[in-house]
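What follows is query34.cif (mmCIF, N, CA and C atoms).
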data_start
#
loop_
_atom_site.label_atom_id
_atom_site.label_comp_id
_atom_site.auth_asym_id
_atom_site.auth_seq_id
_atom_site.Cartn_x
_atom_site.Cartn_y
_atom_site.Cartn_z
N MET A 1 -20.83 -0.06 26.77
CA MET A 1 -20.70 -0.15 25.31
C MET A 1 -19.26 0.18 24.94
N SER A 2 -18.60 -0.73 24.23
CA SER A 2 -17.21 -0.50 23.85
C SER A 2 -17.15 0.24 22.52
N PRO A 3 -16.10 1.04 22.35
CA PRO A 3 -15.97 1.79 21.09
C PRO A 3 -15.64 0.84 19.94
N ASP A 4 -15.86 1.33 18.74
CA ASP A 4 -15.47 0.54 17.57
C ASP A 4 -13.96 0.36 17.57
N PRO A 5 -13.45 -0.63 16.85
CA PRO A 5 -12.00 -0.90 16.88
C PRO A 5 -11.14 0.29 16.47
N LEU A 6 -11.57 1.04 15.47
CA LEU A 6 -10.78 2.19 15.04
C LEU A 6 -10.69 3.24 16.14
N SER A 7 -11.80 3.49 16.83
CA SER A 7 -11.79 4.45 17.94
C SER A 7 -10.89 3.97 19.07
N ALA A 8 -10.95 2.66 19.37
CA ALA A 8 -10.09 2.10 20.42
C ALA A 8 -8.62 2.25 20.05
N THR A 9 -8.30 2.05 18.77
CA THR A 9 -6.91 2.18 18.33
C THR A 9 -6.45 3.63 18.45
N PHE A 10 -7.27 4.57 17.98
CA PHE A 10 -6.90 5.99 18.09
C PHE A 10 -6.77 6.41 19.56
N ALA A 11 -7.65 5.93 20.41
CA ALA A 11 -7.57 6.27 21.84
C ALA A 11 -6.27 5.74 22.44
N ALA A 12 -5.90 4.52 22.06
CA ALA A 12 -4.65 3.95 22.56
C ALA A 12 -3.44 4.73 22.05
N LEU A 13 -3.49 5.17 20.80
CA LEU A 13 -2.38 5.91 20.20
C LEU A 13 -2.30 7.36 20.68
N ALA A 14 -3.33 7.82 21.36
CA ALA A 14 -3.37 9.23 21.79
C ALA A 14 -2.33 9.54 22.87
N ASP A 15 -1.85 8.54 23.55
CA ASP A 15 -0.91 8.76 24.66
C ASP A 15 0.54 8.54 24.20
N PRO A 16 1.43 9.49 24.47
CA PRO A 16 2.83 9.36 24.02
C PRO A 16 3.56 8.18 24.66
N THR A 17 3.21 7.83 25.89
CA THR A 17 3.85 6.67 26.53
C THR A 17 3.49 5.41 25.78
N ARG A 18 2.23 5.26 25.42
CA ARG A 18 1.80 4.07 24.69
C ARG A 18 2.43 4.02 23.29
N ARG A 19 2.54 5.18 22.64
CA ARG A 19 3.20 5.20 21.33
C ARG A 19 4.67 4.79 21.47
N ALA A 20 5.34 5.23 22.52
CA ALA A 20 6.74 4.85 22.75
C ALA A 20 6.84 3.35 23.02
N MET A 21 5.89 2.81 23.74
CA MET A 21 5.90 1.37 24.00
C MET A 21 5.73 0.59 22.70
N LEU A 22 4.84 1.06 21.83
CA LEU A 22 4.67 0.41 20.53
C LEU A 22 5.93 0.50 19.69
N ALA A 23 6.59 1.65 19.74
CA ALA A 23 7.84 1.82 18.99
C ALA A 23 8.87 0.82 19.48
N ARG A 24 8.95 0.63 20.78
CA ARG A 24 9.89 -0.35 21.34
C ARG A 24 9.52 -1.76 20.88
N LEU A 25 8.24 -2.09 20.89
CA LEU A 25 7.80 -3.42 20.50
C LEU A 25 7.96 -3.66 18.99
N SER A 26 8.07 -2.60 18.22
CA SER A 26 8.28 -2.77 16.78
C SER A 26 9.65 -3.37 16.49
N THR A 27 10.55 -3.34 17.47
CA THR A 27 11.89 -3.93 17.29
C THR A 27 11.95 -5.36 17.79
N GLY A 28 10.86 -5.84 18.41
CA GLY A 28 10.83 -7.22 18.91
C GLY A 28 10.14 -7.30 20.26
N GLU A 29 9.94 -8.53 20.71
CA GLU A 29 9.27 -8.77 21.99
C GLU A 29 10.02 -8.13 23.14
N ALA A 30 9.27 -7.80 24.20
CA ALA A 30 9.86 -7.23 25.40
C ALA A 30 9.01 -7.61 26.60
N THR A 31 9.65 -7.72 27.74
CA THR A 31 8.91 -7.97 28.98
C THR A 31 8.34 -6.64 29.47
N VAL A 32 7.45 -6.73 30.42
CA VAL A 32 6.88 -5.51 31.01
C VAL A 32 7.98 -4.67 31.64
N SER A 33 8.92 -5.32 32.32
CA SER A 33 10.04 -4.59 32.94
C SER A 33 10.88 -3.87 31.89
N GLU A 34 11.13 -4.54 30.78
CA GLU A 34 11.91 -3.90 29.71
C GLU A 34 11.15 -2.72 29.12
N LEU A 35 9.84 -2.86 28.98
CA LEU A 35 9.04 -1.73 28.47
C LEU A 35 9.03 -0.56 29.45
N ALA A 36 9.10 -0.88 30.74
CA ALA A 36 9.03 0.16 31.77
C ALA A 36 10.33 0.93 31.93
N GLU A 37 11.46 0.35 31.51
CA GLU A 37 12.78 0.95 31.75
C GLU A 37 12.89 2.44 31.43
N PRO A 38 12.48 2.89 30.24
CA PRO A 38 12.73 4.31 29.93
C PRO A 38 11.76 5.30 30.61
N PHE A 39 10.78 4.79 31.33
CA PHE A 39 9.76 5.67 31.89
C PHE A 39 9.90 5.82 33.41
N ALA A 40 9.68 7.02 33.88
CA ALA A 40 9.70 7.29 35.31
C ALA A 40 8.29 7.09 35.87
N MET A 41 7.84 5.83 35.83
CA MET A 41 6.52 5.53 36.38
C MET A 41 6.54 4.12 36.96
N SER A 42 5.56 3.85 37.77
CA SER A 42 5.50 2.56 38.46
C SER A 42 5.11 1.44 37.50
N LEU A 43 5.40 0.21 37.89
CA LEU A 43 4.99 -0.94 37.08
C LEU A 43 3.47 -1.03 36.96
N PRO A 44 2.70 -0.71 38.02
CA PRO A 44 1.25 -0.72 37.84
C PRO A 44 0.77 0.29 36.78
N ALA A 45 1.44 1.44 36.70
CA ALA A 45 1.07 2.43 35.68
C ALA A 45 1.40 1.90 34.29
N ILE A 46 2.56 1.25 34.15
CA ILE A 46 2.94 0.64 32.88
C ILE A 46 1.92 -0.44 32.51
N SER A 47 1.52 -1.22 33.50
CA SER A 47 0.53 -2.28 33.25
C SER A 47 -0.80 -1.72 32.77
N ARG A 48 -1.18 -0.57 33.31
CA ARG A 48 -2.43 0.06 32.85
C ARG A 48 -2.31 0.49 31.39
N HIS A 49 -1.15 1.03 31.02
CA HIS A 49 -0.93 1.41 29.62
C HIS A 49 -0.98 0.16 28.73
N LEU A 50 -0.35 -0.91 29.17
CA LEU A 50 -0.37 -2.16 28.41
C LEU A 50 -1.79 -2.69 28.24
N LYS A 51 -2.59 -2.55 29.28
CA LYS A 51 -3.97 -3.03 29.21
C LYS A 51 -4.74 -2.28 28.13
N VAL A 52 -4.53 -0.97 28.03
CA VAL A 52 -5.18 -0.18 26.98
C VAL A 52 -4.74 -0.66 25.60
N LEU A 53 -3.43 -0.90 25.45
CA LEU A 53 -2.91 -1.38 24.17
C LEU A 53 -3.45 -2.77 23.84
N GLN A 54 -3.58 -3.61 24.84
CA GLN A 54 -4.13 -4.95 24.62
C GLN A 54 -5.60 -4.88 24.24
N GLN A 55 -6.37 -4.03 24.92
CA GLN A 55 -7.79 -3.90 24.61
C GLN A 55 -8.02 -3.38 23.20
N ALA A 56 -7.09 -2.57 22.71
CA ALA A 56 -7.18 -2.06 21.34
C ALA A 56 -6.66 -3.08 20.33
N GLY A 57 -6.12 -4.19 20.81
CA GLY A 57 -5.61 -5.21 19.91
C GLY A 57 -4.23 -4.92 19.37
N LEU A 58 -3.53 -3.96 19.95
CA LEU A 58 -2.22 -3.55 19.45
C LEU A 58 -1.07 -4.36 20.06
N VAL A 59 -1.31 -4.97 21.21
CA VAL A 59 -0.28 -5.73 21.91
C VAL A 59 -0.87 -7.04 22.39
N ALA A 60 -0.08 -8.10 22.24
CA ALA A 60 -0.44 -9.41 22.78
C ALA A 60 0.64 -9.80 23.77
N GLN A 61 0.24 -10.53 24.80
CA GLN A 61 1.19 -10.96 25.80
C GLN A 61 1.22 -12.48 25.81
N GLY A 62 2.38 -13.06 25.60
CA GLY A 62 2.53 -14.50 25.56
C GLY A 62 3.02 -15.04 26.88
N ARG A 63 3.44 -16.30 26.83
CA ARG A 63 3.96 -16.94 28.03
C ARG A 63 5.12 -17.84 27.63
N LYS A 64 6.28 -17.56 28.21
CA LYS A 64 7.47 -18.40 28.03
C LYS A 64 8.01 -18.68 29.42
N ALA A 65 7.74 -19.86 29.92
CA ALA A 65 8.10 -20.23 31.30
C ALA A 65 7.51 -19.19 32.25
N GLN A 66 8.34 -18.52 33.05
CA GLN A 66 7.81 -17.52 33.98
C GLN A 66 7.72 -16.13 33.34
N TRP A 67 8.19 -15.99 32.11
CA TRP A 67 8.18 -14.70 31.41
C TRP A 67 6.87 -14.52 30.66
N ARG A 68 6.43 -13.29 30.58
CA ARG A 68 5.23 -12.95 29.80
C ARG A 68 5.60 -11.85 28.81
N PRO A 69 6.30 -12.22 27.74
CA PRO A 69 6.74 -11.20 26.78
C PRO A 69 5.56 -10.58 26.02
N CYS A 70 5.72 -9.31 25.74
CA CYS A 70 4.71 -8.57 24.97
C CYS A 70 5.20 -8.48 23.54
N ARG A 71 4.26 -8.48 22.60
CA ARG A 71 4.63 -8.33 21.19
C ARG A 71 3.60 -7.45 20.50
N LEU A 72 4.07 -6.78 19.49
CA LEU A 72 3.22 -5.89 18.69
C LEU A 72 2.27 -6.70 17.83
N GLN A 73 1.04 -6.27 17.77
CA GLN A 73 0.02 -6.82 16.87
C GLN A 73 -0.29 -5.70 15.88
N PRO A 74 0.24 -5.73 14.66
CA PRO A 74 0.14 -4.58 13.76
C PRO A 74 -1.19 -4.43 13.02
N GLU A 75 -2.08 -5.40 13.08
CA GLU A 75 -3.31 -5.33 12.28
C GLU A 75 -4.13 -4.06 12.51
N PRO A 76 -4.34 -3.64 13.78
CA PRO A 76 -5.11 -2.40 13.97
C PRO A 76 -4.43 -1.17 13.35
N LEU A 77 -3.10 -1.19 13.28
CA LEU A 77 -2.40 -0.06 12.66
C LEU A 77 -2.66 -0.01 11.16
N LYS A 78 -2.85 -1.16 10.54
CA LYS A 78 -3.19 -1.19 9.12
C LYS A 78 -4.56 -0.56 8.90
N GLU A 79 -5.50 -0.85 9.81
CA GLU A 79 -6.83 -0.25 9.70
C GLU A 79 -6.74 1.27 9.80
N VAL A 80 -5.91 1.77 10.71
CA VAL A 80 -5.71 3.22 10.85
C VAL A 80 -5.09 3.78 9.56
N ALA A 81 -4.08 3.10 9.05
CA ALA A 81 -3.42 3.57 7.82
C ALA A 81 -4.40 3.61 6.65
N ASP A 82 -5.26 2.58 6.53
CA ASP A 82 -6.26 2.56 5.47
C ASP A 82 -7.24 3.72 5.61
N TRP A 83 -7.67 3.98 6.83
CA TRP A 83 -8.62 5.07 7.10
C TRP A 83 -7.98 6.41 6.74
N ILE A 84 -6.74 6.60 7.15
CA ILE A 84 -6.03 7.86 6.87
C ILE A 84 -5.78 8.01 5.37
N GLU A 85 -5.53 6.92 4.68
CA GLU A 85 -5.25 6.96 3.24
C GLU A 85 -6.39 7.60 2.46
N ARG A 86 -7.63 7.30 2.86
CA ARG A 86 -8.78 7.92 2.16
C ARG A 86 -8.72 9.44 2.26
N TYR A 87 -8.34 9.94 3.41
CA TYR A 87 -8.28 11.39 3.59
C TYR A 87 -7.03 11.97 2.94
N ARG A 88 -5.95 11.23 2.89
CA ARG A 88 -4.75 11.70 2.20
C ARG A 88 -5.06 11.92 0.73
N ARG A 89 -5.78 10.97 0.11
CA ARG A 89 -6.15 11.13 -1.30
C ARG A 89 -7.03 12.37 -1.47
N TYR A 90 -7.97 12.57 -0.56
CA TYR A 90 -8.85 13.75 -0.63
C TYR A 90 -8.01 15.02 -0.60
N TRP A 91 -7.07 15.12 0.37
CA TRP A 91 -6.27 16.33 0.49
C TRP A 91 -5.33 16.50 -0.69
N ASP A 92 -4.77 15.40 -1.20
CA ASP A 92 -3.92 15.51 -2.39
C ASP A 92 -4.70 16.07 -3.57
N GLU A 93 -5.91 15.56 -3.78
CA GLU A 93 -6.74 16.05 -4.89
C GLU A 93 -7.13 17.50 -4.68
N SER A 94 -7.48 17.86 -3.46
CA SER A 94 -7.86 19.24 -3.15
C SER A 94 -6.69 20.19 -3.36
N LEU A 95 -5.52 19.79 -2.91
CA LEU A 95 -4.34 20.64 -3.09
C LEU A 95 -3.93 20.73 -4.55
N ASP A 96 -4.12 19.66 -5.31
CA ASP A 96 -3.84 19.72 -6.76
C ASP A 96 -4.77 20.72 -7.44
N ARG A 97 -6.06 20.71 -7.06
CA ARG A 97 -7.01 21.68 -7.63
C ARG A 97 -6.64 23.10 -7.24
N LEU A 98 -6.23 23.29 -6.00
CA LEU A 98 -5.82 24.62 -5.54
C LEU A 98 -4.59 25.09 -6.30
N GLU A 99 -3.62 24.20 -6.49
CA GLU A 99 -2.42 24.56 -7.24
C GLU A 99 -2.76 24.96 -8.67
N ALA A 100 -3.65 24.21 -9.33
CA ALA A 100 -4.06 24.54 -10.70
C ALA A 100 -4.76 25.90 -10.73
N PHE A 101 -5.60 26.16 -9.74
CA PHE A 101 -6.31 27.44 -9.67
C PHE A 101 -5.32 28.59 -9.49
N LEU A 102 -4.36 28.42 -8.60
CA LEU A 102 -3.38 29.48 -8.36
C LEU A 102 -2.50 29.72 -9.59
N GLN A 103 -2.14 28.66 -10.30
CA GLN A 103 -1.36 28.84 -11.53
C GLN A 103 -2.17 29.58 -12.58
N GLU A 104 -3.45 29.31 -12.63
CA GLU A 104 -4.34 29.99 -13.58
C GLU A 104 -4.41 31.48 -13.26
N ILE A 105 -4.52 31.80 -11.99
CA ILE A 105 -4.58 33.20 -11.57
C ILE A 105 -3.26 33.91 -11.89
N GLN A 106 -2.14 33.25 -11.61
CA GLN A 106 -0.83 33.85 -11.88
C GLN A 106 -0.61 34.05 -13.38
N ALA A 107 -1.24 33.25 -14.20
CA ALA A 107 -1.08 33.36 -15.65
C ALA A 107 -2.03 34.38 -16.24
N GLY A 108 -2.77 35.08 -15.45
CA GLY A 108 -3.67 36.10 -15.97
C GLY A 108 -5.12 35.84 -15.65
N GLY A 109 -5.39 34.73 -15.05
CA GLY A 109 -6.74 34.43 -14.61
C GLY A 109 -7.62 33.90 -15.72
N PRO A 110 -8.73 33.35 -15.34
CA PRO A 110 -9.68 32.82 -16.33
C PRO A 110 -10.36 33.98 -17.05
N PRO A 111 -10.91 33.71 -18.23
CA PRO A 111 -11.62 34.78 -18.93
C PRO A 111 -12.79 35.27 -18.09
N ALA A 112 -13.08 36.53 -18.23
CA ALA A 112 -14.20 37.11 -17.48
C ALA A 112 -15.49 36.47 -17.94
N PRO A 113 -16.42 36.24 -17.02
CA PRO A 113 -17.68 35.64 -17.41
C PRO A 113 -18.46 36.60 -18.33
N ASP A 114 -19.19 36.03 -19.27
CA ASP A 114 -20.01 36.84 -20.17
C ASP A 114 -21.08 37.55 -19.36
N THR A 115 -21.27 38.80 -19.68
CA THR A 115 -22.37 39.53 -19.03
C THR A 115 -23.46 39.73 -20.06
N LYS A 116 -24.67 39.54 -19.64
CA LYS A 116 -25.82 39.71 -20.54
C LYS A 116 -26.41 41.11 -20.36
N PRO A 117 -26.80 41.70 -21.46
CA PRO A 117 -27.43 43.03 -21.32
C PRO A 117 -28.79 42.89 -20.66
N ASP A 118 -29.17 43.92 -19.93
CA ASP A 118 -30.47 43.92 -19.25
C ASP A 118 -31.59 44.11 -20.21
#
Serialized structure, structure tokens:
Amino acid sequence: MSPDPLSATFAALADPTRRAMLARLSTGEATVSELAEPFAMSLPAISRHLKVLQQAGLVAQGRKAQWRPCRLQPEPLKEVADWIERYRRYWDESLDRLEAFLQEIQAGGPPAPDTKPD
């Protein structure tokens, strides 16, 4: 059973090597060798990272003669951004309420609640 697309994207983004590869691809297409240059790892290890990125839909590999350039596929990142945006709004609203509450306390606090006689 494969994970949902959002889970696959987060799993792919969880690794710093894969994030660095995506950052490189954000500047344009690159071959596997070019992607491997900054890393002290074997080409098979780089290929495994690329496979994870491809399975998550973040990278596509084309064909130009004998070259197989990789390119960024940004659509899954938009899904992540949309998902995160919902929580950003939640935290912004929560922090706004907290700020209003703290300002109220600093200004002398809310009026004491009415107490009823027994």
*Could you tell me which of A:Val52, A:Leu25, A:Ala60, A:Cys70 comes closest to Leu13 in chain A if we count all atoms listed in the file?*
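For Leu13 in chain A, the nearest of the given residues is A:Val52.
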*Hey, which of A:Leu6, A:Ala12, A:Arg97, A:Ala20 ends up closest to Arg48 in chain A? Count only C-alpha atoms.*
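For Arg48 in chain A, the nearest of the given residues is A:Ala12.
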*Could you state the separation of CA of Glu37 in chain A and atom C of Arg19 in chain A in Å, given to one decimal place?*
13.6 Å
*as a ChimeraX atom specification, which residues of chain A does DSSP assign to strand (DSSP E or B)?*
/A:30,59-61,64,67,70-72
Write the residues of the preceding selection, restricted to N, CA and C atoms, as a PDB file, in the coordinates of the input.
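This is the output file part-v4.pdb:
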ATOM      1  N   ALA A  30       9.270  -7.800  24.200  1.00  0.00           N
ATOM      2  CA  ALA A  30       9.860  -7.230  25.400  1.00  0.00           C
ATOM      3  C   ALA A  30       9.010  -7.610  26.600  1.00  0.00           C
ATOM      4  N   VAL A  59      -1.310  -4.970  21.210  1.00  0.00           N
ATOM      5  CA  VAL A  59      -0.280  -5.730  21.910  1.00  0.00           C
ATOM      6  C   VAL A  59      -0.870  -7.040  22.390  1.00  0.00           C
ATOM      7  N   ALA A  60      -0.080  -8.100  22.240  1.00  0.00           N
ATOM      8  CA  ALA A  60      -0.440  -9.410  22.780  1.00  0.00           C
ATOM      9  C   ALA A  60       0.640  -9.800  23.770  1.00  0.00           C
ATOM     10  N   GLN A  61       0.240 -10.530  24.800  1.00  0.00           N
ATOM     11  CA  GLN A  61       1.190 -10.960  25.800  1.00  0.00           C
ATOM     12  C   GLN A  61       1.220 -12.480  25.810  1.00  0.00           C
ATOM     13  N   LYS A  64       6.280 -17.560  28.210  1.00  0.00           N
ATOM     14  CA  LYS A  64       7.470 -18.400  28.030  1.00  0.00           C
ATOM     15  C   LYS A  64       8.010 -18.680  29.420  1.00  0.00           C
ATOM     16  N   TRP A  67       8.190 -15.990  32.110  1.00  0.00           N
ATOM     17  CA  TRP A  67       8.180 -14.700  31.410  1.00  0.00           C
ATOM     18  C   TRP A  67       6.870 -14.520  30.660  1.00  0.00           C
ATOM     19  N   CYS A  70       5.720  -9.310  25.740  1.00  0.00           N
ATOM     20  CA  CYS A  70       4.710  -8.570  24.970  1.00  0.00           C
ATOM     21  C   CYS A  70       5.200  -8.480  23.540  1.00  0.00           C
ATOM     22  N   ARG A  71       4.260  -8.480  22.600  1.00  0.00           N
ATOM     23  CA  ARG A  71       4.630  -8.330  21.190  1.00  0.00           C
ATOM     24  C   ARG A  71       3.600  -7.450  20.500  1.00  0.00           C
ATOM     25  N   LEU A  72       4.070  -6.780  19.490  1.00  0.00           N
ATOM     26  CA  LEU A  72       3.220  -5.890  18.690  1.00  0.00           C
ATOM     27  C   LEU A  72       2.270  -6.700  17.830  1.00  0.00           C
TER      28      LEU A  72
END
*asked:* Restricting the calculation to only N, CA and C atoms: of A:Glu29, A:Glu104, A:Pro5, A:Gln54, which residue gets closest to Pro76 in chain A?
replied: A:Pro5
_Between atom C of Leu35 in chain A and atom N of Ala8 in chain A, distance in Å (one decimal)_ =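 It comes out at 22.6 Å.
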*In Å, with one decimal, what is the gap from atom C of Val59 in chain A to atom N of Glu85 in chain A?*
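Between atom C of Val59 in chain A and atom N of Glu85 in chain A the gap is 23.0 Å.
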_Nearby residues (only N, CA and C atoms) at most 8 Å from Ile46 in chain A, same-chain spacing under 4 positions excluded, as an MDAnalysis selection string_ = chainID A and resid 32 35:36 41:42 50:52
